[in-house]
$ cat start.pdb   # PDB, C-alpha atoms, pLDDT in the B column
ATOM      1  CA  MET A   1      22.937  -7.893   0.820  1.00 90.00           C
ATOM      2  CA  LYS A   2      21.704  -4.893  -1.133  1.00 96.00           C
ATOM      3  CA  ILE A   3      17.965  -4.195  -1.088  1.00 98.00           C
ATOM      4  CA  VAL A   4      16.370  -1.615  -3.360  1.00 98.00           C
ATOM      5  CA  VAL A   5      12.993  -0.230  -2.294  1.00 98.00           C
ATOM      6  CA  ILE A   6      11.185   1.314  -5.270  1.00 98.00           C
ATOM      7  CA  GLY A   7       8.963   4.051  -3.852  1.00 97.00           C
ATOM      8  CA  GLY A   8      11.252   4.121  -0.842  1.00 97.00           C
ATOM      9  CA  THR A   9      10.451   7.723   0.059  1.00 95.00           C
ATOM     10  CA  GLY A  10       6.673   7.181   0.150  1.00 94.00           C
ATOM     11  CA  ARG A  11       4.282   6.316   2.967  1.00 92.00           C
ATOM     12  CA  ILE A  12       4.996   2.580   3.150  1.00 96.00           C
ATOM     13  CA  GLY A  13       8.440   2.698   1.580  1.00 97.00           C
ATOM     14  CA  GLU A  14       9.801   5.084   4.191  1.00 96.00           C
ATOM     15  CA  LYS A  15       8.647   2.774   7.010  1.00 96.00           C
ATOM     16  CA  LEU A  16      10.091  -0.277   5.264  1.00 97.00           C
ATOM     17  CA  VAL A  17      13.452   1.392   4.640  1.00 97.00           C
ATOM     18  CA  SER A  18      13.639   2.380   8.312  1.00 95.00           C
ATOM     19  CA  ASN A  19      12.859  -1.202   9.393  1.00 95.00           C
ATOM     20  CA  LEU A  20      15.503  -2.690   7.129  1.00 96.00           C
ATOM     21  CA  ARG A  21      18.171  -0.216   8.169  1.00 94.00           C
ATOM     22  CA  GLN A  22      17.578  -1.176  11.789  1.00 93.00           C
ATOM     23  CA  GLU A  23      18.615  -4.683  10.726  1.00 90.00           C
ATOM     24  CA  ASP A  24      21.880  -3.263   9.347  1.00 83.00           C
ATOM     25  CA  CYS A  25      20.849  -4.005   5.771  1.00 89.00           C
ATOM     26  CA  ARG A  26      22.299  -2.121   2.835  1.00 95.00           C
ATOM     27  CA  VAL A  27      19.170  -0.358   1.600  1.00 97.00           C
ATOM     28  CA  PHE A  28      18.672   2.080  -1.260  1.00 97.00           C
ATOM     29  CA  ALA A  29      15.428   4.091  -1.182  1.00 97.00           C
ATOM     30  CA  ALA A  30      14.692   4.697  -4.858  1.00 98.00           C
ATOM     31  CA  SER A  31      12.202   7.234  -6.187  1.00 97.00           C
ATOM     32  CA  PRO A  32      12.096  10.083  -8.725  1.00 96.00           C
ATOM     33  CA  THR A  33      12.940  12.504  -5.900  1.00 95.00           C
ATOM     34  CA  VAL A  34      16.364  10.885  -5.590  1.00 96.00           C
ATOM     35  CA  GLY A  35      16.927  10.487  -9.326  1.00 97.00           C
ATOM     36  CA  VAL A  36      15.510   7.011  -9.997  1.00 98.00           C
ATOM     37  CA  ASP A  37      12.556   6.897 -12.390  1.00 98.00           C
ATOM     38  CA  THR A  38      11.181   3.494 -13.364  1.00 98.00           C
ATOM     39  CA  VAL A  39       9.115   4.957 -16.231  1.00 97.00           C
ATOM     40  CA  THR A  40      11.908   6.883 -17.986  1.00 97.00           C
ATOM     41  CA  GLU A  41      14.588   4.442 -16.685  1.00 98.00           C
ATOM     42  CA  VAL A  42      16.706   7.365 -15.504  1.00 98.00           C
ATOM     43  CA  GLY A  43      19.007   6.064 -12.769  1.00 98.00           C
ATOM     44  CA  LEU A  44      17.341   2.645 -12.711  1.00 98.00           C
ATOM     45  CA  ALA A  45      20.216   0.425 -13.854  1.00 97.00           C
ATOM     46  CA  GLU A  46      22.613   2.191 -11.512  1.00 97.00           C
ATOM     47  CA  ALA A  47      20.230   1.819  -8.562  1.00 98.00           C
ATOM     48  CA  LEU A  48      19.899  -1.934  -9.150  1.00 98.00           C
ATOM     49  CA  THR A  49      23.609  -2.620  -9.560  1.00 97.00           C
ATOM     50  CA  ASP A  50      24.537  -5.456  -7.150  1.00 96.00           C
ATOM     51  CA  ALA A  51      20.968  -5.597  -5.818  1.00 97.00           C
ATOM     52  CA  GLU A  52      19.755  -8.986  -4.595  1.00 97.00           C
ATOM     53  CA  ILE A  53      16.244  -7.995  -3.586  1.00 98.00           C
ATOM     54  CA  VAL A  54      13.843  -5.425  -5.012  1.00 98.00           C
ATOM     55  CA  VAL A  55      10.724  -4.326  -3.143  1.00 98.00           C
ATOM     56  CA  ASP A  56       8.262  -2.338  -5.244  1.00 98.00           C
ATOM     57  CA  VAL A  57       5.900  -0.182  -3.194  1.00 98.00           C
ATOM     58  CA  SER A  58       5.601   2.559  -5.803  1.00 97.00           C
ATOM     59  CA  ASN A  59       2.285   3.960  -6.966  1.00 95.00           C
ATOM     60  CA  SER A  60       1.026   5.795 -10.008  1.00 94.00           C
ATOM     61  CA  PRO A  61       1.158   9.582  -9.603  1.00 92.00           C
ATOM     62  CA  SER A  62      -2.405   9.618 -10.959  1.00 89.00           C
ATOM     63  CA  LEU A  63      -5.282   7.291 -10.058  1.00 84.00           C
ATOM     64  CA  ASP A  64      -6.880   7.865 -13.464  1.00 88.00           C
ATOM     65  CA  GLY A  65      -7.250   4.517 -15.211  1.00 87.00           C
ATOM     66  CA  ALA A  66      -5.311   5.378 -18.370  1.00 92.00           C
ATOM     67  CA  ASP A  67      -2.493   7.039 -16.444  1.00 95.00           C
ATOM     68  CA  ALA A  68      -2.283   4.143 -13.978  1.00 95.00           C
ATOM     69  CA  MET A  69      -2.217   1.598 -16.817  1.00 95.00           C
ATOM     70  CA  ARG A  70       0.661   3.454 -18.440  1.00 96.00           C
ATOM     71  CA  PHE A  71       2.576   3.765 -15.185  1.00 97.00           C
ATOM     72  CA  PHE A  72       2.262   0.196 -13.933  1.00 97.00           C
ATOM     73  CA  GLU A  73       2.869  -1.436 -17.309  1.00 97.00           C
ATOM     74  CA  ILE A  74       5.866   0.668 -18.349  1.00 98.00           C
ATOM     75  CA  SER A  75       7.329   0.845 -14.856  1.00 98.00           C
ATOM     76  CA  GLY A  76       6.785  -2.873 -14.326  1.00 98.00           C
ATOM     77  CA  ARG A  77       8.446  -3.897 -17.584  1.00 98.00           C
ATOM     78  CA  ASN A  78      11.404  -1.579 -17.040  1.00 98.00           C
ATOM     79  CA  LEU A  79      11.924  -2.600 -13.428  1.00 98.00           C
ATOM     80  CA  LEU A  80      11.753  -6.328 -14.151  1.00 98.00           C
ATOM     81  CA  ALA A  81      14.103  -6.045 -17.135  1.00 98.00           C
ATOM     82  CA  ALA A  82      16.598  -4.103 -15.018  1.00 98.00           C
ATOM     83  CA  GLY A  83      16.193  -6.678 -12.261  1.00 98.00           C
ATOM     84  CA  ARG A  84      16.969  -9.575 -14.609  1.00 98.00           C
ATOM     85  CA  ALA A  85      20.037  -7.734 -15.919  1.00 97.00           C
ATOM     86  CA  ALA A  86      21.239  -7.075 -12.360  1.00 97.00           C
ATOM     87  CA  GLY A  87      20.674 -10.665 -11.221  1.00 97.00           C
ATOM     88  CA  VAL A  88      17.965  -9.832  -8.668  1.00 98.00           C
ATOM     89  CA  ARG A  89      17.006 -13.043  -6.853  1.00 98.00           C
ATOM     90  CA  HIS A  90      13.729 -11.935  -5.213  1.00 98.00           C
ATOM     91  CA  HIS A  91      11.190  -9.388  -6.476  1.00 98.00           C
ATOM     92  CA  ILE A  92       8.603  -8.320  -3.883  1.00 98.00           C
ATOM     93  CA  ALA A  93       5.610  -6.135  -4.727  1.00 98.00           C
ATOM     94  CA  LEU A  94       2.776  -4.582  -2.747  1.00 98.00           C
ATOM     95  CA  SER A  95      -0.690  -4.938  -4.256  1.00 98.00           C
ATOM     96  CA  ILE A  96      -4.351  -4.709  -3.199  1.00 97.00           C
ATOM     97  CA  VAL A  97      -6.791  -7.224  -1.735  1.00 97.00           C
ATOM     98  CA  GLY A  98      -9.899  -7.629  -3.882  1.00 95.00           C
ATOM     99  CA  ILE A  99      -8.626  -6.438  -7.260  1.00 95.00           C
ATOM    100  CA  ASP A 100      -9.813  -9.568  -9.091  1.00 95.00           C
ATOM    101  CA  GLY A 101     -13.407  -8.468  -8.509  1.00 94.00           C
ATOM    102  CA  LEU A 102     -12.768  -4.843  -9.506  1.00 94.00           C
ATOM    103  CA  LEU A 103     -11.186  -5.252 -12.938  1.00 94.00           C
ATOM    104  CA  SER A 104     -13.831  -3.076 -14.597  1.00 91.00           C
ATOM    105  CA  ILE A 105     -11.936  -0.132 -13.098  1.00 93.00           C
ATOM    106  CA  GLY A 106      -8.763   0.999 -14.837  1.00 93.00           C
ATOM    107  CA  TYR A 107      -6.664   1.438 -11.702  1.00 93.00           C
ATOM    108  CA  PHE A 108      -7.294  -2.131 -10.542  1.00 95.00           C
ATOM    109  CA  ARG A 109      -6.677  -3.516 -14.042  1.00 95.00           C
ATOM    110  CA  ALA A 110      -3.368  -1.685 -13.968  1.00 96.00           C
ATOM    111  CA  LYS A 111      -2.370  -3.308 -10.678  1.00 97.00           C
ATOM    112  CA  LYS A 112      -3.356  -6.715 -12.071  1.00 97.00           C
ATOM    113  CA  ILE A 113      -1.151  -6.101 -15.110  1.00 97.00           C
ATOM    114  CA  GLN A 114       1.711  -5.311 -12.737  1.00 98.00           C
ATOM    115  CA  GLU A 115       1.117  -8.607 -10.929  1.00 98.00           C
ATOM    116  CA  ASP A 116       0.948 -10.586 -14.172  1.00 98.00           C
ATOM    117  CA  LEU A 117       4.215  -9.065 -15.417  1.00 98.00           C
ATOM    118  CA  ILE A 118       5.924 -10.111 -12.185  1.00 98.00           C
ATOM    119  CA  LYS A 119       4.615 -13.672 -12.434  1.00 98.00           C
ATOM    120  CA  ALA A 120       5.808 -13.983 -16.040  1.00 98.00           C
ATOM    121  CA  SER A 121       9.215 -12.378 -15.452  1.00 98.00           C
ATOM    122  CA  GLY A 122      11.174 -15.472 -14.474  1.00 97.00           C
ATOM    123  CA  ILE A 123      12.413 -13.723 -11.315  1.00 98.00           C
ATOM    124  CA  PRO A 124      11.461 -15.439  -8.031  1.00 98.00           C
ATOM    125  CA  PHE A 125       8.728 -13.282  -6.531  1.00 98.00           C
ATOM    126  CA  THR A 126       6.367 -12.567  -3.675  1.00 98.00           C
ATOM    127  CA  ILE A 127       3.251 -10.454  -4.208  1.00 98.00           C
ATOM    128  CA  LEU A 128       1.702  -9.135  -0.998  1.00 98.00           C
ATOM    129  CA  ARG A 129      -1.872  -7.948  -1.360  1.00 98.00           C
ATOM    130  CA  SER A 130      -2.988  -5.671   1.457  1.00 98.00           C
ATOM    131  CA  THR A 131      -6.347  -4.411   2.627  1.00 97.00           C
ATOM    132  CA  GLN A 132      -6.927  -0.662   2.980  1.00 94.00           C
ATOM    133  CA  PHE A 133      -4.470   1.319   5.075  1.00 93.00           C
ATOM    134  CA  PHE A 134      -5.905   3.246   8.012  1.00 92.00           C
ATOM    135  CA  GLU A 135      -3.837   6.129   6.634  1.00 88.00           C
ATOM    136  CA  PHE A 136      -5.534   5.833   3.234  1.00 86.00           C
ATOM    137  CA  ILE A 137      -8.999   5.981   4.798  1.00 88.00           C
ATOM    138  CA  ARG A 138      -7.896   9.061   6.738  1.00 84.00           C
ATOM    139  CA  ASP A 139      -6.968  10.689   3.406  1.00 80.00           C
ATOM    140  CA  VAL A 140     -10.347   9.738   1.906  1.00 76.00           C
ATOM    141  CA  VAL A 141     -12.066  11.454   4.829  1.00 76.00           C
ATOM    142  CA  GLN A 142     -10.299  14.665   3.877  1.00 68.00           C
ATOM    143  CA  ASP A 143     -12.137  14.598   0.526  1.00 67.00           C
ATOM    144  CA  GLY A 144     -15.871  15.149   0.068  1.00 62.00           C
ATOM    145  CA  THR A 145     -17.935  18.301  -0.021  1.00 63.00           C
ATOM    146  CA  ALA A 146     -17.875  21.216   2.391  1.00 69.00           C
ATOM    147  CA  ARG A 147     -20.623  19.599   4.490  1.00 82.00           C
ATOM    148  CA  GLU A 148     -20.643  15.875   3.752  1.00 87.00           C
ATOM    149  CA  ILE A 149     -18.300  12.928   3.227  1.00 87.00           C
ATOM    150  CA  PRO A 150     -20.105  10.315   1.127  1.00 89.00           C
ATOM    151  CA  ILE A 151     -18.530   6.890   1.513  1.00 91.00           C
ATOM    152  CA  SER A 152     -19.416   3.289   0.836  1.00 93.00           C
ATOM    153  CA  PRO A 153     -20.681   1.157   3.753  1.00 95.00           C
ATOM    154  CA  ALA A 154     -18.804  -1.876   2.393  1.00 96.00           C
ATOM    155  CA  LEU A 155     -17.026  -4.083   4.909  1.00 97.00           C
ATOM    156  CA  VAL A 156     -13.288  -3.533   5.318  1.00 96.00           C
ATOM    157  CA  GLN A 157     -10.540  -5.092   7.398  1.00 97.00           C
ATOM    158  CA  PRO A 158      -8.100  -2.172   7.447  1.00 97.00           C
ATOM    159  CA  ILE A 159      -4.474  -2.298   8.481  1.00 97.00           C
ATOM    160  CA  ALA A 160      -1.810   0.079   9.761  1.00 96.00           C
ATOM    161  CA  GLY A 161       0.982   1.100   7.414  1.00 95.00           C
ATOM    162  CA  GLU A 162       3.586  -0.019   9.940  1.00 95.00           C
ATOM    163  CA  ASP A 163       2.140  -3.560   9.911  1.00 97.00           C
ATOM    164  CA  ILE A 164       2.407  -3.650   6.123  1.00 97.00           C
ATOM    165  CA  ALA A 165       6.024  -2.504   6.343  1.00 97.00           C
ATOM    166  CA  ASP A 166       6.716  -5.253   8.891  1.00 97.00           C
ATOM    167  CA  ALA A 167       5.220  -7.895   6.589  1.00 97.00           C
ATOM    168  CA  LEU A 168       7.282  -6.666   3.645  1.00 98.00           C
ATOM    169  CA  ALA A 169      10.422  -6.780   5.790  1.00 97.00           C
ATOM    170  CA  ASP A 170       9.585 -10.379   6.710  1.00 97.00           C
ATOM    171  CA  ALA A 171       9.321 -11.168   2.992  1.00 98.00           C
ATOM    172  CA  VAL A 172      12.768  -9.665   2.427  1.00 97.00           C
ATOM    173  CA  PHE A 173      14.270 -12.142   4.891  1.00 96.00           C
ATOM    174  CA  SER A 174      12.317 -15.101   3.483  1.00 97.00           C
ATOM    175  CA  ASP A 175      12.717 -17.148   0.352  1.00 97.00           C
ATOM    176  CA  ALA A 176      10.493 -16.146  -2.541  1.00 98.00           C
ATOM    177  CA  PHE A 177       7.016 -17.660  -2.245  1.00 98.00           C
ATOM    178  CA  ASN A 178       6.343 -17.449  -6.003  1.00 98.00           C
ATOM    179  CA  ALA A 179       2.753 -16.774  -4.978  1.00 98.00           C
ATOM    180  CA  THR A 180       0.302 -14.051  -4.043  1.00 98.00           C
ATOM    181  CA  LEU A 181      -0.222 -13.610  -0.302  1.00 98.00           C
ATOM    182  CA  GLU A 182      -2.703 -11.443   1.596  1.00 98.00           C
ATOM    183  CA  ILE A 183      -2.462  -9.364   4.749  1.00 98.00           C
ATOM    184  CA  ALA A 184      -5.246  -7.638   6.670  1.00 98.00           C
ATOM    185  CA  GLY A 185      -5.958  -5.933   9.941  1.00 97.00           C
ATOM    186  CA  PRO A 186      -7.412  -7.789  12.922  1.00 97.00           C
ATOM    187  CA  GLU A 187     -10.938  -6.286  12.815  1.00 97.00           C
ATOM    188  CA  GLN A 188     -13.800  -5.883  10.343  1.00 97.00           C
ATOM    189  CA  PHE A 189     -15.792  -2.664  10.128  1.00 96.00           C
ATOM    190  CA  HIS A 190     -18.117  -0.928   7.732  1.00 96.00           C
ATOM    191  CA  LEU A 191     -16.058   1.639   5.839  1.00 94.00           C
ATOM    192  CA  ASP A 192     -18.381   4.494   6.786  1.00 93.00           C
ATOM    193  CA  TYR A 193     -17.929   3.641  10.487  1.00 95.00           C
ATOM    194  CA  VAL A 194     -14.141   3.908  10.192  1.00 93.00           C
ATOM    195  CA  ALA A 195     -14.524   7.203   8.339  1.00 91.00           C
ATOM    196  CA  THR A 196     -16.865   8.552  11.019  1.00 93.00           C
ATOM    197  CA  GLU A 197     -14.477   7.628  13.822  1.00 93.00           C
ATOM    198  CA  ILE A 198     -11.549   9.254  12.026  1.00 91.00           C
ATOM    199  CA  ALA A 199     -13.529  12.394  11.211  1.00 89.00           C
ATOM    200  CA  THR A 200     -14.667  12.688  14.826  1.00 91.00           C
ATOM    201  CA  ALA A 201     -11.172  12.139  16.216  1.00 91.00           C
ATOM    202  CA  PHE A 202      -9.707  14.825  13.974  1.00 86.00           C
ATOM    203  CA  GLU A 203     -12.576  17.206  14.748  1.00 88.00           C
ATOM    204  CA  ASP A 204     -13.882  17.277  11.196  1.00 86.00           C
ATOM    205  CA  GLY A 205     -17.367  18.723  11.559  1.00 84.00           C
ATOM    206  CA  ARG A 206     -18.705  17.303   8.306  1.00 88.00           C
ATOM    207  CA  HIS A 207     -21.272  14.502   8.253  1.00 88.00           C
ATOM    208  CA  VAL A 208     -20.199  11.078   6.958  1.00 90.00           C
ATOM    209  CA  VAL A 209     -22.926   9.726   4.669  1.00 91.00           C
ATOM    210  CA  ALA A 210     -23.149   5.986   4.034  1.00 94.00           C
ATOM    211  CA  ASP A 211     -23.866   5.730   0.307  1.00 93.00           C
ATOM    212  CA  VAL A 212     -23.851   2.382  -1.514  1.00 94.00           C
ATOM    213  CA  HIS A 213     -23.281   4.303  -4.758  1.00 92.00           C
ATOM    214  CA  ALA A 214     -20.242   6.194  -3.454  1.00 89.00           C
ATOM    215  CA  ARG A 215     -17.241   5.416  -5.635  1.00 87.00           C
ATOM    216  CA  TYR A 216     -14.043   3.723  -4.572  1.00 85.00           C
ATOM    217  CA  PHE A 217     -11.391   4.433  -7.217  1.00 83.00           C
ATOM    218  CA  GLY A 218     -14.400   4.750  -9.541  1.00 84.00           C
ATOM    219  CA  ALA A 219     -16.071   1.465  -8.506  1.00 87.00           C
ATOM    220  CA  GLU A 220     -19.313   0.787  -6.671  1.00 90.00           C
ATOM    221  CA  LEU A 221     -18.558  -1.789  -4.003  1.00 93.00           C
ATOM    222  CA  THR A 222     -20.463  -4.860  -2.952  1.00 94.00           C
ATOM    223  CA  GLU A 223     -20.507  -5.450   0.794  1.00 95.00           C
ATOM    224  CA  ARG A 224     -17.600  -7.939   0.849  1.00 95.00           C
ATOM    225  CA  ALA A 225     -15.573  -6.779  -2.164  1.00 95.00           C
ATOM    226  CA  LEU A 226     -12.644  -5.508  -0.071  1.00 96.00           C
ATOM    227  CA  LEU A 227     -12.328  -8.390   2.392  1.00 97.00           C
ATOM    228  CA  PRO A 228      -9.377 -10.817   2.356  1.00 97.00           C
ATOM    229  CA  GLY A 229      -9.583 -14.567   1.936  1.00 96.00           C
ATOM    230  CA  PRO A 230      -9.410 -17.054   4.812  1.00 96.00           C
ATOM    231  CA  ASP A 231      -5.639 -17.570   4.526  1.00 96.00           C
ATOM    232  CA  ALA A 232      -4.663 -13.922   4.960  1.00 97.00           C
ATOM    233  CA  ARG A 233      -1.979 -13.013   7.473  1.00 97.00           C
ATOM    234  CA  ILE A 234      -3.624 -11.022  10.251  1.00 98.00           C
ATOM    235  CA  ALA A 235      -1.735  -8.013  11.600  1.00 97.00           C
ATOM    236  CA  SER A 236      -1.800  -6.975  15.243  1.00 94.00           C
ATOM    237  CA  LEU A 237      -2.489  -3.238  15.510  1.00 96.00           C
ATOM    238  CA  ARG A 238      -6.145  -2.517  16.259  1.00 97.00           C
ATOM    239  CA  PHE A 239      -8.014   0.473  14.897  1.00 96.00           C
ATOM    240  CA  GLU A 240      -8.495   2.182  18.271  1.00 95.00           C
ATOM    241  CA  ASP A 241      -4.772   1.890  19.004  1.00 95.00           C
ATOM    242  CA  TRP A 242      -3.787   3.272  15.593  1.00 94.00           C
ATOM    243  CA  LEU A 243      -6.214   6.155  16.009  1.00 93.00           C
ATOM    244  CA  ARG A 244      -4.906   6.975  19.494  1.00 92.00           C
ATOM    245  CA  ASN A 245      -1.320   6.862  18.230  1.00 90.00           C
ATOM    246  CA  SER A 246      -2.226   9.132  15.308  1.00 86.00           C
ATOM    247  CA  LEU A 247      -3.524  11.769  17.693  1.00 84.00           C
ATOM    248  CA  GLN A 248      -0.311  11.861  19.715  1.00 76.00           C
ATOM    249  CA  PRO A 249       1.802  14.995  19.117  1.00 64.00           C
ATOM    250  CA  LYS A 250       4.911  14.401  17.030  1.00 55.00           C
ATOM    251  CA  TRP A 251       7.628  15.979  19.154  1.00 47.00           C
ATOM    252  CA  SER A 252      10.687  17.273  17.375  1.00 43.00           C
ATOM    253  CA  THR A 253      14.103  16.535  18.839  1.00 41.00           C
ATOM    254  CA  SER A 254      15.918  19.052  16.686  1.00 40.00           C
ATOM    255  CA  SER A 255      15.764  21.765  19.342  1.00 39.00           C
ATOM    256  CA  ALA A 256      16.289  19.528  22.343  1.00 40.00           C
ATOM    257  CA  ASP A 257      19.189  20.335  24.678  1.00 35.00           C
TER     258      ASP A 257
END

$ encode --input "start.pdb" --output "structure tokens"
Amino acid sequence: MKIVVIGGTGRIGEKLVSNLRQEDCRVFAASPTVGVDTVTEVGLAEALTDAEIVVDVSNSPSLDGADAMRFFEISGRNLLAAGRAAGVRHHIALSIVGIDGLLSIGYFRAKKIQEDLIKASGIPFTILRSTQFFEFIRDVVQDGTAREIPISPALVQPIAGEDIADALADAVFSDAFNATLEIAGPEQFHLDYVATEIATAFEDGRHVVADVHARYFGAELTERALLPGPDARIASLRFEDWLRNSLQPKWSTSSAD
């Protein structure tokens, strides 16, 4: 069974590819860095030759609304057309919990367009909507001013990237659901609390400011806008465990005797 992971060299894709290869699957990690571009179609047909399953975890290079709309619509159409031509039997895509309430923002409209294209494609599909990655929140903390990190106090139920990769791997070995599923972490927090804990752990001396007007991909958030529904799959890794693991030194084995 050949599995093609679009965005396979990225944060989630790399973890997913590693998981699947441990199961002795034939996996191709596709991305522009290895000569596969879903927007220009360069290398796309060749990458999907003999593929049975496609997992799309790619993201727009720009979060700007117009750029994201262009990326997800063109990439989505090209990828699905190539998948139909190759006889792909299951198309899996990673999306975002809460986008239905954030469609005033271009990036979220773009992700919804991607979902709608998948549903209309005729290819059996599974769409997995995830809550915020711990890793994404860590990146957000790195933004802000020289002294402050303004961030929304909205409730979140964040999840570790490795748990998302595990859920996507489970989808690979399951029949297509032809539905949109959700996955979330095991705990709810206010987003500013998570940011404060991350900033403290990484010795970032700036002050995290809870600001209800702080933007999230350009949107002001209501308190529960980012929470999953009651049927979401709940992952296992808790925030304190992820944070402790993130602080562990990454030892290199390249120079080991």

$ atom_distance --input "start.pdb" --atom1 "CA of Glu14 in chain A" --atom2 "CA of Leu128 in chain A"
17.2 Å

$ resolve_selection --input "start.pdb" --expression "the PyMOL selection byres ((chain A and resi 181-193) around 7)" --output "VMD selection string"
chain A and resid 97 127 to 131 151 to 159 179 to 180 194 to 197 208 210 228 232 to 236 238

$ residues_around --input "start.pdb" --residues "range 16-31 of chain A" --least-positions-apart "6" --cutoff "7 Å" --atoms "all atoms listed in the file" --output "count of residues only"
12

$ closest_residue --input "start.pdb" --among "A:Leu103, A:Val42, A:Ala110, A:Val88" --to "Phe72 in chain A" --atoms "only C-alpha atoms"
A:Ala110

$ closest_residue --input "start.pdb" --among "A:Ala86, A:Ile74, A:Ala201, A:Ile53" --to "Val39 in chain A" --atoms "all atoms listed in the file"
A:Ile74

$ closest_residue --input "start.pdb" --among "A:Gly122, A:Gly65, A:Pro32, A:Gly83" --to "Ser104 in chain A" --atoms "all atoms listed in the file"
A:Gly65

$ atom_distance --input "start.pdb" --atom1 "CA of Ala214 in chain A" --atom2 "CA of Gly98 in chain A"
17.3 Å

$ residues_around --input "start.pdb" --residues "Leu63 in chain A" --least-positions-apart "6" --cutoff "9 Å" --atoms "only C-alpha atoms" --output "number ranges by chain"
A: 106-107, 217

$ residues_around --input "start.pdb" --residues "Val172 in chain A" --least-positions-apart "3" --cutoff "10 Å" --atoms "all atoms listed in the file" --output "PyMOL selection string"
chain A and resi 3+20+52-55+90-92+126+166-169+175-176

$ atom_distance --input "start.pdb" --atom1 "CA of Ala219 in chain A" --atom2 "CA of Phe133 in chain A"
17.9 Å

$ closest_residue --input "start.pdb" --among "A:Asn245, A:Thr200, A:Gln132, A:Thr40" --to "Ala225 in chain A" --atoms "all atoms listed in the file"
A:Gln132

$ closest_residue --input "start.pdb" --among "A:Asp204, A:Glu41, A:Asp64, A:Glu220" --to "Leu79 in chain A" --atoms "all atoms listed in the file"
A:Glu41

$ axis_aligned_box --input "start.pdb" --around "range 220-225 of chain A" --padding-each-side "8 Å" --output "AutoDock Vina command-line options"
--center_x -18.0 --center_y -3.6 --center_z -2.9 --size_x 20.9 --size_y 24.7 --size_z 23.5

$ resolve_selection --input "start.pdb" --expression "the PyMOL selection byres ((chain A and resi 77) around 10)" --output "list in words"
Thr38, Val39, Phe71, Phe72, Glu73, Ile74, Ser75, Gly76, Asn78, Leu79, Leu80, Ala81, Ala82, Gly83, Gln114, Leu117, Ile118 and Ser121 of chain A

$ residues_around --input "start.pdb" --residues "Ala160 in chain A" --least-positions-apart "5" --cutoff "7 Å" --atoms "all atoms listed in the file" --output "PyMOL selection string"
chain A and resi 133-134+237+242

$ closest_residue --input "start.pdb" --among "A:Arg84, A:Ser95, A:Glu223, A:Phe108" --to "Asp67 in chain A" --atoms "only C-alpha atoms"
A:Phe108

$ build_atoms --input "start.pdb" --residues "range 32-42 of chain A" --atoms "N, CA, C and O atoms" --output "PDB file, in the frame of the given file"
ATOM      1  N   PRO A  32      11.712   8.953  -7.865  1.00 96.00           N
ATOM      2  CA  PRO A  32      12.096  10.083  -8.725  1.00 96.00           C
ATOM      3  C   PRO A  32      12.733  11.237  -7.957  1.00 96.00           C
ATOM      4  O   PRO A  32      13.566  11.967  -8.507  1.00 96.00           O
ATOM      5  N   THR A  33      12.375  11.392  -6.673  1.00 95.00           N
ATOM      6  CA  THR A  33      12.940  12.504  -5.900  1.00 95.00           C
ATOM      7  C   THR A  33      14.428  12.334  -5.639  1.00 95.00           C
ATOM      8  O   THR A  33      15.113  13.302  -5.317  1.00 95.00           O
ATOM      9  N   VAL A  34      14.927  11.111  -5.776  1.00 96.00           N
ATOM     10  CA  VAL A  34      16.364  10.885  -5.590  1.00 96.00           C
ATOM     11  C   VAL A  34      17.020  10.465  -6.902  1.00 96.00           C
ATOM     12  O   VAL A  34      18.122   9.921  -6.912  1.00 96.00           O
ATOM     13  N   GLY A  35      16.325  10.708  -8.023  1.00 97.00           N
ATOM     14  CA  GLY A  35      16.927  10.487  -9.326  1.00 97.00           C
ATOM     15  C   GLY A  35      16.752   9.108  -9.917  1.00 97.00           C
ATOM     16  O   GLY A  35      17.494   8.730 -10.836  1.00 97.00           O
ATOM     17  N   VAL A  36      15.772   8.340  -9.437  1.00 98.00           N
ATOM     18  CA  VAL A  36      15.510   7.011  -9.997  1.00 98.00           C
ATOM     19  C   VAL A  36      14.061   6.979 -10.474  1.00 98.00           C
ATOM     20  O   VAL A  36      13.128   7.063  -9.667  1.00 98.00           O
ATOM     21  N   ASP A  37      13.887   6.867 -11.792  1.00 98.00           N
ATOM     22  CA  ASP A  37      12.556   6.897 -12.390  1.00 98.00           C
ATOM     23  C   ASP A  37      12.339   5.602 -13.168  1.00 98.00           C
ATOM     24  O   ASP A  37      13.021   5.353 -14.162  1.00 98.00           O
ATOM     25  N   THR A  38      11.397   4.784 -12.716  1.00 98.00           N
ATOM     26  CA  THR A  38      11.181   3.494 -13.364  1.00 98.00           C
ATOM     27  C   THR A  38      10.447   3.629 -14.698  1.00 98.00           C
ATOM     28  O   THR A  38      10.461   2.700 -15.502  1.00 98.00           O
ATOM     29  N   VAL A  39       9.811   4.755 -14.958  1.00 97.00           N
ATOM     30  CA  VAL A  39       9.115   4.957 -16.231  1.00 97.00           C
ATOM     31  C   VAL A  39      10.098   5.407 -17.314  1.00 97.00           C
ATOM     32  O   VAL A  39      10.134   4.857 -18.417  1.00 97.00           O
ATOM     33  N   THR A  40      10.932   6.397 -17.003  1.00 97.00           N
ATOM     34  CA  THR A  40      11.908   6.883 -17.986  1.00 97.00           C
ATOM     35  C   THR A  40      13.199   6.069 -17.967  1.00 97.00           C
ATOM     36  O   THR A  40      14.031   6.206 -18.860  1.00 97.00           O
ATOM     37  N   GLU A  41      13.387   5.261 -16.928  1.00 98.00           N
ATOM     38  CA  GLU A  41      14.588   4.442 -16.685  1.00 98.00           C
ATOM     39  C   GLU A  41      15.788   5.251 -16.226  1.00 98.00           C
ATOM     40  O   GLU A  41      16.882   4.702 -16.058  1.00 98.00           O
ATOM     41  N   VAL A  42      15.600   6.542 -16.000  1.00 98.00           N
ATOM     42  CA  VAL A  42      16.706   7.365 -15.504  1.00 98.00           C
ATOM     43  C   VAL A  42      17.161   6.842 -14.145  1.00 98.00           C
ATOM     44  O   VAL A  42      16.365   6.714 -13.211  1.00 98.00           O
TER      45      VAL A  42
END
